[in-house]
$ cat coords11.csv   # CSV, C-alpha atoms
chain,number,residue,atom,x,y,z
J,1,MET,CA,5.0,39.7,-76.0
J,2,THR,CA,4.9,36.0,-75.4
J,3,ASP,CA,1.2,35.6,-74.7
J,4,THR,CA,-0.1,32.8,-76.9
J,5,GLN,CA,-3.4,32.3,-75.1
J,6,PRO,CA,-6.3,32.2,-77.6
J,7,ASN,CA,-7.7,35.7,-77.8
J,8,THR,CA,-10.2,35.6,-80.7
J,9,THR,CA,-13.2,33.4,-81.4
J,10,ILE,CA,-14.0,32.3,-84.9
J,11,ARG,CA,-17.7,31.3,-85.4
J,12,TYR,CA,-19.0,29.0,-88.1
J,13,PHE,CA,-22.5,28.7,-89.6
J,14,ALA,CA,-24.5,26.4,-91.8
J,15,TRP,CA,-22.4,23.8,-93.8
J,16,VAL,CA,-19.1,25.3,-92.6
J,17,ARG,CA,-20.2,24.4,-89.1
J,18,THR,CA,-21.6,21.0,-89.9
J,19,ARG,CA,-18.6,20.0,-92.1
J,20,LEU,CA,-16.1,21.2,-89.4
J,21,ASN,CA,-18.2,19.5,-86.8
J,22,ARG,CA,-17.9,22.5,-84.5
J,23,ALA,CA,-19.5,25.9,-84.0
J,24,GLU,CA,-16.3,27.8,-83.2
J,25,ASP,CA,-12.6,27.8,-82.8
J,26,ASP,CA,-10.5,30.0,-80.4
J,27,VAL,CA,-7.3,31.2,-82.0
J,28,THR,CA,-4.5,33.6,-81.2
J,29,ILE,CA,-4.3,36.7,-83.3
J,30,PRO,CA,-1.1,38.7,-83.1
J,31,ALA,CA,-1.3,42.2,-81.5
J,32,ALA,CA,-0.7,43.8,-84.8
J,33,GLY,CA,-3.6,42.0,-86.4
J,34,MET,CA,-3.9,39.5,-89.2
J,35,ARG,CA,-5.7,39.6,-92.6
J,36,LEU,CA,-8.6,37.2,-93.0
J,37,GLN,CA,-6.8,35.4,-95.9
J,38,ASP,CA,-3.9,34.7,-93.6
J,39,LEU,CA,-6.3,33.6,-90.8
J,40,ALA,CA,-7.8,31.2,-93.3
J,41,ILE,CA,-4.4,29.7,-94.0
J,42,MET,CA,-3.8,29.4,-90.2
J,43,LEU,CA,-7.1,27.6,-89.7
J,44,GLN,CA,-6.2,25.0,-92.4
J,45,GLU,CA,-3.9,23.4,-89.7
J,46,GLN,CA,-6.7,22.7,-87.3
J,47,SER,CA,-8.0,19.5,-89.1
J,48,THR,CA,-8.4,17.8,-92.5
J,49,SER,CA,-11.9,19.3,-92.8
J,50,HIS,CA,-10.5,22.8,-92.0
J,51,ALA,CA,-7.8,22.2,-94.7
J,52,VAL,CA,-10.4,21.5,-97.3
J,53,ILE,CA,-12.8,24.3,-96.4
J,54,PHE,CA,-10.2,27.0,-95.7
J,55,GLY,CA,-8.2,25.9,-98.8
J,56,ARG,CA,-10.9,27.7,-100.8
J,57,PRO,CA,-11.8,30.7,-98.6
J,58,GLU,CA,-13.2,32.5,-101.7
J,59,ALA,CA,-16.1,30.1,-101.6
J,60,LEU,CA,-17.0,31.5,-98.2
J,61,LYS,CA,-18.4,34.7,-96.8
J,62,ALA,CA,-16.8,36.3,-93.8
J,63,ALA,CA,-17.8,38.8,-91.2
J,64,ILE,CA,-15.8,40.8,-88.6
J,65,ASN,CA,-17.8,42.0,-85.6
J,66,LYS,CA,-21.0,41.1,-87.5
J,67,GLN,CA,-20.2,43.1,-90.6
J,68,TYR,CA,-19.4,41.5,-93.9
J,69,ALA,CA,-15.6,41.7,-94.6
J,70,ASP,CA,-13.3,41.0,-97.6
J,71,LEU,CA,-10.5,38.5,-97.3
J,72,SER,CA,-8.1,41.4,-97.3
J,73,ALA,CA,-9.7,42.9,-94.1
J,74,LEU,CA,-7.6,43.0,-90.9
J,75,VAL,CA,-8.7,41.0,-87.9
J,76,MET,CA,-7.6,42.4,-84.5
J,77,PRO,CA,-7.3,40.4,-81.2
J,78,GLY,CA,-10.7,40.1,-79.6
J,79,ASP,CA,-12.7,40.7,-82.8
J,80,GLU,CA,-15.7,38.4,-83.4
J,81,VAL,CA,-14.9,36.6,-86.7
J,82,ALA,CA,-17.3,34.4,-88.6
J,83,PHE,CA,-17.0,32.2,-91.7
J,84,PHE,CA,-20.2,30.9,-93.5
J,85,PRO,CA,-21.5,30.0,-96.9
J,86,PRO,CA,-23.4,32.4,-99.2
J,87,VAL,CA,-26.8,33.0,-97.6
J,88,THR,CA,-30.0,31.4,-98.6
J,89,GLY,CA,-32.8,33.0,-96.6
J,90,GLY,CA,-36.1,34.6,-97.6
B,1,MET,CA,-41.1,50.4,-88.3
B,2,THR,CA,-40.4,46.8,-87.2
B,3,VAL,CA,-37.6,44.4,-87.7
B,4,ARG,CA,-37.9,41.0,-86.0
B,5,VAL,CA,-36.1,37.6,-86.2
B,6,GLN,CA,-38.2,35.1,-84.4
B,7,GLU,CA,-39.0,31.4,-84.1
B,8,ALA,CA,-42.8,32.0,-83.8
B,9,ASP,CA,-45.2,32.5,-86.6
B,10,PHE,CA,-46.5,36.0,-87.5
B,11,ASP,CA,-50.0,37.4,-88.0
B,12,THR,CA,-49.9,39.3,-91.3
B,13,GLN,CA,-53.1,41.3,-90.7
B,14,ALA,CA,-52.0,42.3,-87.2
B,15,GLU,CA,-48.7,43.6,-88.7
B,16,ILE,CA,-50.5,45.5,-91.4
B,17,ASN,CA,-52.9,47.1,-88.9
B,18,ALA,CA,-49.9,48.1,-86.8
B,19,ILE,CA,-48.7,50.2,-89.7
B,20,THR,CA,-52.1,51.6,-90.9
B,21,ASP,CA,-53.9,52.2,-87.6
B,22,GLY,CA,-54.0,55.8,-86.6
B,23,THR,CA,-53.0,57.3,-89.9
B,24,ASP,CA,-54.9,58.3,-93.0
B,25,GLU,CA,-51.8,59.4,-95.0
B,26,ILE,CA,-51.2,55.9,-96.5
B,27,GLY,CA,-52.5,55.2,-100.0
B,28,GLY,CA,-51.1,51.8,-100.6
B,29,VAL,CA,-49.7,48.8,-98.6
B,30,ALA,CA,-47.7,46.1,-100.3
B,31,SER,CA,-46.8,42.8,-98.6
B,32,PHE,CA,-44.8,39.7,-99.5
B,33,ILE,CA,-45.0,36.4,-97.6
B,34,GLY,CA,-42.4,33.7,-98.3
B,35,THR,CA,-43.5,30.2,-97.4
B,36,VAL,CA,-41.9,26.7,-97.3
B,37,ARG,CA,-42.5,24.8,-100.6
B,38,LYS,CA,-43.4,21.1,-100.6
B,39,THR,CA,-40.9,20.3,-103.4
B,40,HIS,CA,-37.5,21.7,-104.3
B,41,ASP,CA,-35.5,20.6,-107.4
B,42,GLY,CA,-37.9,17.8,-107.9
B,43,GLU,CA,-37.5,16.4,-104.4
B,44,MET,CA,-40.2,16.2,-101.7
B,45,ILE,CA,-39.3,18.3,-98.7
B,46,LYS,CA,-40.3,17.0,-95.2
B,47,ALA,CA,-39.2,20.1,-93.3
B,48,MET,CA,-36.8,23.0,-93.6
B,49,THR,CA,-34.6,24.3,-90.9
B,50,LEU,CA,-33.5,28.0,-91.0
B,51,GLU,CA,-30.3,28.9,-89.3
B,52,HIS,CA,-29.2,32.5,-88.7
B,53,TYR,CA,-26.4,34.6,-87.1
B,54,PRO,CA,-28.0,36.2,-84.1
B,55,GLY,CA,-27.1,39.9,-83.9
B,56,MET,CA,-25.7,40.1,-87.4
B,57,THR,CA,-29.0,39.1,-89.0
B,58,GLU,CA,-31.0,41.8,-87.2
B,59,GLN,CA,-28.3,44.4,-88.1
B,60,ALA,CA,-28.5,43.3,-91.8
B,61,LEU,CA,-32.3,43.6,-91.9
B,62,GLU,CA,-32.2,47.1,-90.1
B,63,THR,CA,-29.7,48.2,-92.8
B,64,LEU,CA,-32.1,47.0,-95.6
B,65,LYS,CA,-35.0,48.8,-93.9
B,66,ALA,CA,-33.0,52.1,-93.7
B,67,GLN,CA,-31.9,51.8,-97.3
B,68,ALA,CA,-35.5,51.3,-98.5
B,69,GLN,CA,-36.6,54.3,-96.4
B,70,ASP,CA,-33.8,56.5,-97.9
B,71,ARG,CA,-34.9,55.5,-101.4
B,72,TRP,CA,-38.7,55.7,-101.2
B,73,PRO,CA,-41.2,57.8,-99.1
B,74,LEU,CA,-42.5,55.1,-96.8
B,75,TYR,CA,-44.9,55.5,-93.9
B,76,GLY,CA,-44.2,52.0,-92.6
B,77,VAL,CA,-41.8,49.1,-93.1
B,78,THR,CA,-42.0,45.7,-91.4
B,79,ILE,CA,-39.6,42.9,-91.9
B,80,ILE,CA,-40.1,39.6,-90.0
B,81,HIS,CA,-38.1,36.5,-90.7
B,82,ARG,CA,-38.4,33.2,-88.9
B,83,TYR,CA,-35.8,30.7,-87.9
B,84,GLY,CA,-35.9,27.1,-86.7
B,85,ARG,CA,-37.6,24.0,-88.1
B,86,LEU,CA,-40.6,24.7,-90.4
B,87,LEU,CA,-42.9,22.4,-92.2
B,88,PRO,CA,-44.2,22.8,-95.8
B,89,GLY,CA,-46.7,25.6,-96.0
B,90,ALA,CA,-45.3,27.4,-93.0
B,91,ASN,CA,-44.5,31.1,-93.2
B,92,ILE,CA,-40.8,32.1,-93.5
B,93,VAL,CA,-40.7,35.8,-94.1
B,94,LEU,CA,-43.0,38.8,-94.1
B,95,VAL,CA,-42.2,42.2,-95.7
B,96,ILE,CA,-44.8,45.0,-95.5
B,97,THR,CA,-44.3,48.5,-97.0
B,98,ALA,CA,-46.7,51.4,-96.9
B,99,SER,CA,-46.6,54.6,-98.9
B,100,GLN,CA,-48.8,57.3,-100.3
B,101,HIS,CA,-48.8,55.6,-103.7
B,102,ARG,CA,-48.6,52.0,-104.8
B,103,GLN,CA,-45.4,52.2,-106.9
B,104,ALA,CA,-43.2,53.1,-104.0
B,105,ALA,CA,-44.8,50.4,-101.8
B,106,PHE,CA,-44.4,47.7,-104.5
B,107,ASP,CA,-40.8,48.8,-105.4
B,108,ALA,CA,-39.6,49.0,-101.8
B,109,CYS,CA,-41.1,45.6,-101.0
B,110,GLN,CA,-39.3,44.0,-103.9
B,111,PHE,CA,-36.1,45.8,-103.1
B,112,ILE,CA,-36.1,44.6,-99.5
B,113,MET,CA,-36.8,41.0,-100.6
B,114,ASP,CA,-34.1,41.1,-103.4
B,115,TYR,CA,-31.5,42.3,-100.9
B,116,LEU,CA,-32.6,40.1,-98.1
B,117,LYS,CA,-32.0,37.0,-100.3
B,118,THR,CA,-28.3,37.9,-100.9
B,119,ASP,CA,-27.4,39.9,-97.8
B,120,ALA,CA,-29.2,38.6,-94.7
B,121,PRO,CA,-27.3,35.8,-92.9
B,122,PHE,CA,-29.9,33.0,-93.1
B,123,TRP,CA,-29.2,29.5,-94.3
B,124,LYS,CA,-31.8,26.8,-95.2
B,125,ALA,CA,-31.3,23.1,-94.7
B,126,GLU,CA,-33.9,20.8,-96.2
B,127,GLU,CA,-34.9,17.4,-94.7
B,128,LEU,CA,-35.8,15.0,-97.5
B,129,ALA,CA,-38.2,12.1,-97.5
B,130,ASP,CA,-35.4,9.6,-97.0
B,131,GLY,CA,-34.3,11.3,-93.8
B,132,THR,CA,-31.1,13.0,-95.3
B,133,THR,CA,-30.5,16.7,-94.9
B,134,ARG,CA,-29.0,19.0,-97.5
B,135,TRP,CA,-28.0,22.7,-97.4
B,136,VAL,CA,-29.8,24.8,-100.0
B,137,GLU,CA,-27.4,26.3,-102.6
B,138,PRO,CA,-27.7,30.0,-103.5
B,139,ARG,CA,-29.3,30.8,-106.9
B,140,THR,CA,-27.5,33.1,-109.3
B,141,ARG,CA,-30.8,34.6,-110.3
B,142,ASP,CA,-31.1,36.0,-106.8
B,143,THR,CA,-27.9,38.0,-107.3
B,144,ALA,CA,-29.2,39.1,-110.7
B,145,ALA,CA,-32.5,40.3,-109.1
B,146,LYS,CA,-30.6,42.5,-106.7
B,147,GLN,CA,-28.5,44.1,-109.4
B,148,ARG,CA,-31.5,45.7,-111.1
B,149,TRP,CA,-31.6,48.1,-108.1
B,150,SER,CA,-28.0,49.3,-108.5
B,151,THR,CA,-28.8,51.8,-111.3
$ encode --input "coords11.csv" --output "structure tokens"
Amino acid sequence: MTDTQPNTTIRYFAWVRTRLNRAEDDVTIPAAGMRLQDLAIMLQEQSTSHAVIFGRPEALKAAINKQYADLSALVMPGDEVAFFPPVTGG
Amino acid sequence: MTVRVQEADFDTQAEINAITDGTDEIGGVASFIGTVRKTHDGEMIKAMTLEHYPGMTEQALETLKAQAQDRWPLYGVTIIHRYGRLLPGANIVLVITASQHRQAAFDACQFIMDYLKTDAPFWKAEELADGTTRWVEPRTRDTAAKQRWST
């Protein structure tokens, strides 16, 4: 298994998107999966803004396949992952 | 039973009629309309832009609707939430609940709004008079409002 092509899209919303200056990143999740907290550590390497925002993942909300997920949840290749701030609708 | 996330405005009376037309079982209809305030934390708001997570937002609202229906005997539930750039005074959200008796309609309407505030993936950005934009911070009292339903 030497395939290192990006296989998973990470989507960003609200100030996570504006501070990162991008709406998504494509990353490579290993076939066995990866916990959201480890994905956050991996994302820190993408830029200095990523390092700041994903250095405090507990300040964010996360979703896997459009369902809220805890940082201990497992991401599998091909999942749709999203990180965003606490919501402020209504 | 309607859940919609849309850019366009909504017609509250038409949405109420959609629930009440053709039935004489309903004894009470409660509605809540959230609108854009002109001021927030002492600052004048020029406009507010609502961002959402297409797909997840609809799912979250459908879940809220189902939870309300499980909890109260409702003849109708409508949840409509707008996104995009809205000016002060504009409608943001509409919740309508209909039941045989008023208490169920009032309670279900409040329950949906309290959960929507903390669970539905929407984010507000405010445009201030000086042209800057700021993201609205969540309020702890919204989380407290939700907790009263957990008993």
$ atom_distance --input "coords11.csv" --atom1 "atom CA of B:Ala30" --atom2 "atom CA of B:Gln110"
9.4 Å
$ residues_around --input "coords11.csv" --residues "J:Lys66" --least-positions-apart "4" --cutoff "9 Å" --atoms "all atoms listed in the file" --output "PDB file with C-alpha atoms, keeping the file's coordinate frame"
ATOM      1  CA  ALA J  62     -16.800  36.300 -93.800  1.00  0.00           C
ATOM      2  CA  GLU J  80     -15.700  38.400 -83.400  1.00  0.00           C
ATOM      3  CA  VAL J  81     -14.900  36.600 -86.700  1.00  0.00           C
ATOM      4  CA  ALA J  82     -17.300  34.400 -88.600  1.00  0.00           C
TER       5      ALA J  82
ATOM      6  CA  TYR B  53     -26.400  34.600 -87.100  1.00  0.00           C
ATOM      7  CA  GLY B  55     -27.100  39.900 -83.900  1.00  0.00           C
ATOM      8  CA  MET B  56     -25.700  40.100 -87.400  1.00  0.00           C
ATOM      9  CA  THR B  57     -29.000  39.100 -89.000  1.00  0.00           C
ATOM     10  CA  GLN B  59     -28.300  44.400 -88.100  1.00  0.00           C
ATOM     11  CA  ALA B  60     -28.500  43.300 -91.800  1.00  0.00           C
TER      12      ALA B  60
END
$ closest_residue --input "coords11.csv" --among "B:Val93, B:Ala66, B:Ala47, B:Met113" --to "B:Thr132" --atoms "only C-alpha atoms"
B:Ala47
$ interface_residues --input "coords11.csv" --of "chain B" --to "chain J" --cutoff "12 Å" --atoms "all atoms listed in the file" --output "count of residues only"
58
$ atom_distance --input "coords11.csv" --atom1 "atom CA of B:Gln103" --atom2 "atom CA of B:Gln147"
18.9 Å
$ closest_residue --input "coords11.csv" --among "J:Ser72, J:Thr8, J:Gln37, J:Thr48" --to "J:Glu24" --atoms "all atoms listed in the file"
J:Thr8
$ residues_around --input "coords11.csv" --residues "stretch 19-21 of chain B" --least-positions-apart "5" --cutoff "9 Å" --atoms "all atoms listed in the file" --output "ChimeraX atom specification"
/B:1,14,26,29,75-78,96-98
$ residues_around --input "coords11.csv" --residues "J:Pro30" --least-positions-apart "4" --cutoff "10 Å" --atoms "all atoms listed in the file" --output "PyMOL selection string"
chain J and resi 1+3-4+6-8+34+75-77
$ write_last_selection --input "coords11.csv" --atoms "C-alpha atoms" --output "PDB file, in the coordinates of the input"
ATOM      1  CA  MET J   1       5.000  39.700 -76.000  1.00  0.00           C
ATOM      2  CA  ASP J   3       1.200  35.600 -74.700  1.00  0.00           C
ATOM      3  CA  THR J   4      -0.100  32.800 -76.900  1.00  0.00           C
ATOM      4  CA  PRO J   6      -6.300  32.200 -77.600  1.00  0.00           C
ATOM      5  CA  ASN J   7      -7.700  35.700 -77.800  1.00  0.00           C
ATOM      6  CA  THR J   8     -10.200  35.600 -80.700  1.00  0.00           C
ATOM      7  CA  MET J  34      -3.900  39.500 -89.200  1.00  0.00           C
ATOM      8  CA  VAL J  75      -8.700  41.000 -87.900  1.00  0.00           C
ATOM      9  CA  MET J  76      -7.600  42.400 -84.500  1.00  0.00           C
ATOM     10  CA  PRO J  77      -7.300  40.400 -81.200  1.00  0.00           C
TER      11      PRO J  77
END
$ atom_distance --input "coords11.csv" --atom1 "atom CA of J:Asp25" --atom2 "atom CA of B:Arg85"
25.8 Å
$ residues_around --input "coords11.csv" --residues "B:Glu25" --least-positions-apart "2" --cutoff "7 Å" --atoms "only C-alpha atoms" --output "CSV table (one decimal) with C-alpha atoms, in the coordinates of the input"
chain,number,residue,atom,x,y,z
B,23,THR,CA,-53.0,57.3,-89.9
B,27,GLY,CA,-52.5,55.2,-100.0
B,100,GLN,CA,-48.8,57.3,-100.3
$ residues_around --input "coords11.csv" --residues "B:Lys46" --least-positions-apart "5" --cutoff "9 Å" --atoms "all atoms listed in the file" --output "PyMOL selection string"
chain B and resi 38-39+87-88+126-129+131
$ write_last_selection --input "coords11.csv" --atoms "C-alpha atoms" --output "PDB file, in the coordinates of the input"
ATOM      1  CA  LYS B  38     -43.400  21.100-100.600  1.00  0.00           C
ATOM      2  CA  THR B  39     -40.900  20.300-103.400  1.00  0.00           C
ATOM      3  CA  LEU B  87     -42.900  22.400 -92.200  1.00  0.00           C
ATOM      4  CA  PRO B  88     -44.200  22.800 -95.800  1.00  0.00           C
ATOM      5  CA  GLU B 126     -33.900  20.800 -96.200  1.00  0.00           C
ATOM      6  CA  GLU B 127     -34.900  17.400 -94.700  1.00  0.00           C
ATOM      7  CA  LEU B 128     -35.800  15.000 -97.500  1.00  0.00           C
ATOM      8  CA  ALA B 129     -38.200  12.100 -97.500  1.00  0.00           C
ATOM      9  CA  GLY B 131     -34.300  11.300 -93.800  1.00  0.00           C
TER      10      GLY B 131
END
$ build_atoms --input "coords11.csv" --residues "stretch 37-65 of chain B" --atoms "N, CA and C atoms" --output "mmCIF file, keeping the file's coordinate frame"
data_model
loop_
_atom_site.group_PDB
_atom_site.id
_atom_site.type_symbol
_atom_site.label_atom_id
_atom_site.label_comp_id
_atom_site.auth_asym_id
_atom_site.auth_seq_id
_atom_site.Cartn_x
_atom_site.Cartn_y
_atom_site.Cartn_z
ATOM 1 N N ARG B 37 -41.962 25.600 -99.530
ATOM 2 C CA ARG B 37 -42.500 24.800 -100.600
ATOM 3 C C ARG B 37 -42.417 23.295 -100.268
ATOM 4 N N LYS B 38 -43.360 22.535 -100.821
ATOM 5 C CA LYS B 38 -43.400 21.100 -100.600
ATOM 6 C C LYS B 38 -42.270 20.371 -101.385
ATOM 7 N N THR B 39 -41.904 20.962 -102.541
ATOM 8 C CA THR B 39 -40.900 20.300 -103.400
ATOM 9 C C THR B 39 -39.788 21.344 -103.699
ATOM 10 N N HIS B 40 -38.587 20.836 -103.941
ATOM 11 C CA HIS B 40 -37.500 21.700 -104.300
ATOM 12 C C HIS B 40 -36.564 20.862 -105.244
ATOM 13 N N ASP B 41 -36.305 21.376 -106.444
ATOM 14 C CA ASP B 41 -35.500 20.600 -107.400
ATOM 15 C C ASP B 41 -36.002 19.210 -107.586
ATOM 16 N N GLY B 42 -37.311 19.052 -107.622
ATOM 17 C CA GLY B 42 -37.900 17.800 -107.900
ATOM 18 C C GLY B 42 -37.997 16.811 -106.702
ATOM 19 N N GLU B 43 -37.508 17.234 -105.541
ATOM 20 C CA GLU B 43 -37.500 16.400 -104.400
ATOM 21 C C GLU B 43 -38.563 16.820 -103.358
ATOM 22 N N MET B 44 -39.207 15.858 -102.701
ATOM 23 C CA MET B 44 -40.200 16.200 -101.700
ATOM 24 C C MET B 44 -39.427 16.678 -100.416
ATOM 25 N N ILE B 45 -39.919 17.759 -99.856
ATOM 26 C CA ILE B 45 -39.300 18.300 -98.700
ATOM 27 C C ILE B 45 -40.157 17.991 -97.446
ATOM 28 N N LYS B 46 -39.536 17.327 -96.468
ATOM 29 C CA LYS B 46 -40.300 17.000 -95.200
ATOM 30 C C LYS B 46 -40.326 18.158 -94.291
ATOM 31 N N ALA B 47 -39.216 18.880 -94.206
ATOM 32 C CA ALA B 47 -39.200 20.100 -93.300
ATOM 33 C C ALA B 47 -37.949 20.889 -93.757
ATOM 34 N N MET B 48 -37.938 22.124 -93.320
ATOM 35 C CA MET B 48 -36.800 23.000 -93.600
ATOM 36 C C MET B 48 -36.384 23.684 -92.326
ATOM 37 N N THR B 49 -35.073 23.673 -92.063
ATOM 38 C CA THR B 49 -34.600 24.300 -90.900
ATOM 39 C C THR B 49 -33.786 25.577 -91.279
ATOM 40 N N LEU B 50 -34.160 26.713 -90.711
ATOM 41 C CA LEU B 50 -33.500 28.000 -91.000
ATOM 42 C C LEU B 50 -32.537 28.320 -89.866
ATOM 43 N N GLU B 51 -31.270 28.488 -90.235
ATOM 44 C CA GLU B 51 -30.300 28.900 -89.300
ATOM 45 C C GLU B 51 -29.955 30.387 -89.533
ATOM 46 N N HIS B 52 -29.583 31.123 -88.497
ATOM 47 C CA HIS B 52 -29.200 32.500 -88.700
ATOM 48 C C HIS B 52 -28.027 32.873 -87.778
ATOM 49 N N TYR B 53 -27.527 34.074 -87.939
ATOM 50 C CA TYR B 53 -26.400 34.600 -87.100
ATOM 51 C C TYR B 53 -26.956 35.624 -86.206
ATOM 52 N N PRO B 54 -27.322 35.236 -84.975
ATOM 53 C CA PRO B 54 -28.000 36.200 -84.100
ATOM 54 C C PRO B 54 -27.132 37.470 -83.936
ATOM 55 N N GLY B 55 -27.792 38.573 -84.019
ATOM 56 C CA GLY B 55 -27.100 39.900 -83.900
ATOM 57 C C GLY B 55 -26.774 40.410 -85.307
ATOM 58 N N MET B 56 -26.014 39.645 -86.093
ATOM 59 C CA MET B 56 -25.700 40.100 -87.400
ATOM 60 C C MET B 56 -26.934 40.160 -88.321
ATOM 61 N N THR B 57 -27.798 39.161 -88.164
ATOM 62 C CA THR B 57 -29.000 39.100 -89.000
ATOM 63 C C THR B 57 -29.887 40.317 -88.763
ATOM 64 N N GLU B 58 -30.139 40.631 -87.507
ATOM 65 C CA GLU B 58 -31.000 41.800 -87.200
ATOM 66 C C GLU B 58 -30.353 43.068 -87.761
ATOM 67 N N GLN B 59 -29.028 43.188 -87.603
ATOM 68 C CA GLN B 59 -28.300 44.400 -88.100
ATOM 69 C C GLN B 59 -28.498 44.480 -89.639
ATOM 70 N N ALA B 60 -28.369 43.352 -90.335
ATOM 71 C CA ALA B 60 -28.500 43.300 -91.800
ATOM 72 C C ALA B 60 -29.886 43.766 -92.227
ATOM 73 N N LEU B 61 -30.911 43.293 -91.504
ATOM 74 C CA LEU B 61 -32.300 43.600 -91.900
ATOM 75 C C LEU B 61 -32.560 45.119 -91.542
ATOM 76 N N GLU B 62 -32.017 45.619 -90.437
ATOM 77 C CA GLU B 62 -32.200 47.100 -90.100
ATOM 78 C C GLU B 62 -31.541 47.916 -91.209
ATOM 79 N N THR B 63 -30.392 47.475 -91.722
ATOM 80 C CA THR B 63 -29.700 48.200 -92.800
ATOM 81 C C THR B 63 -30.602 48.242 -94.048
ATOM 82 N N LEU B 64 -31.198 47.095 -94.397
ATOM 83 C CA LEU B 64 -32.100 47.000 -95.600
ATOM 84 C C LEU B 64 -33.273 47.964 -95.398
ATOM 85 N N LYS B 65 -33.848 47.963 -94.204
ATOM 86 C CA LYS B 65 -35.000 48.800 -93.900
ATOM 87 C C LYS B 65 -34.606 50.287 -94.112
#
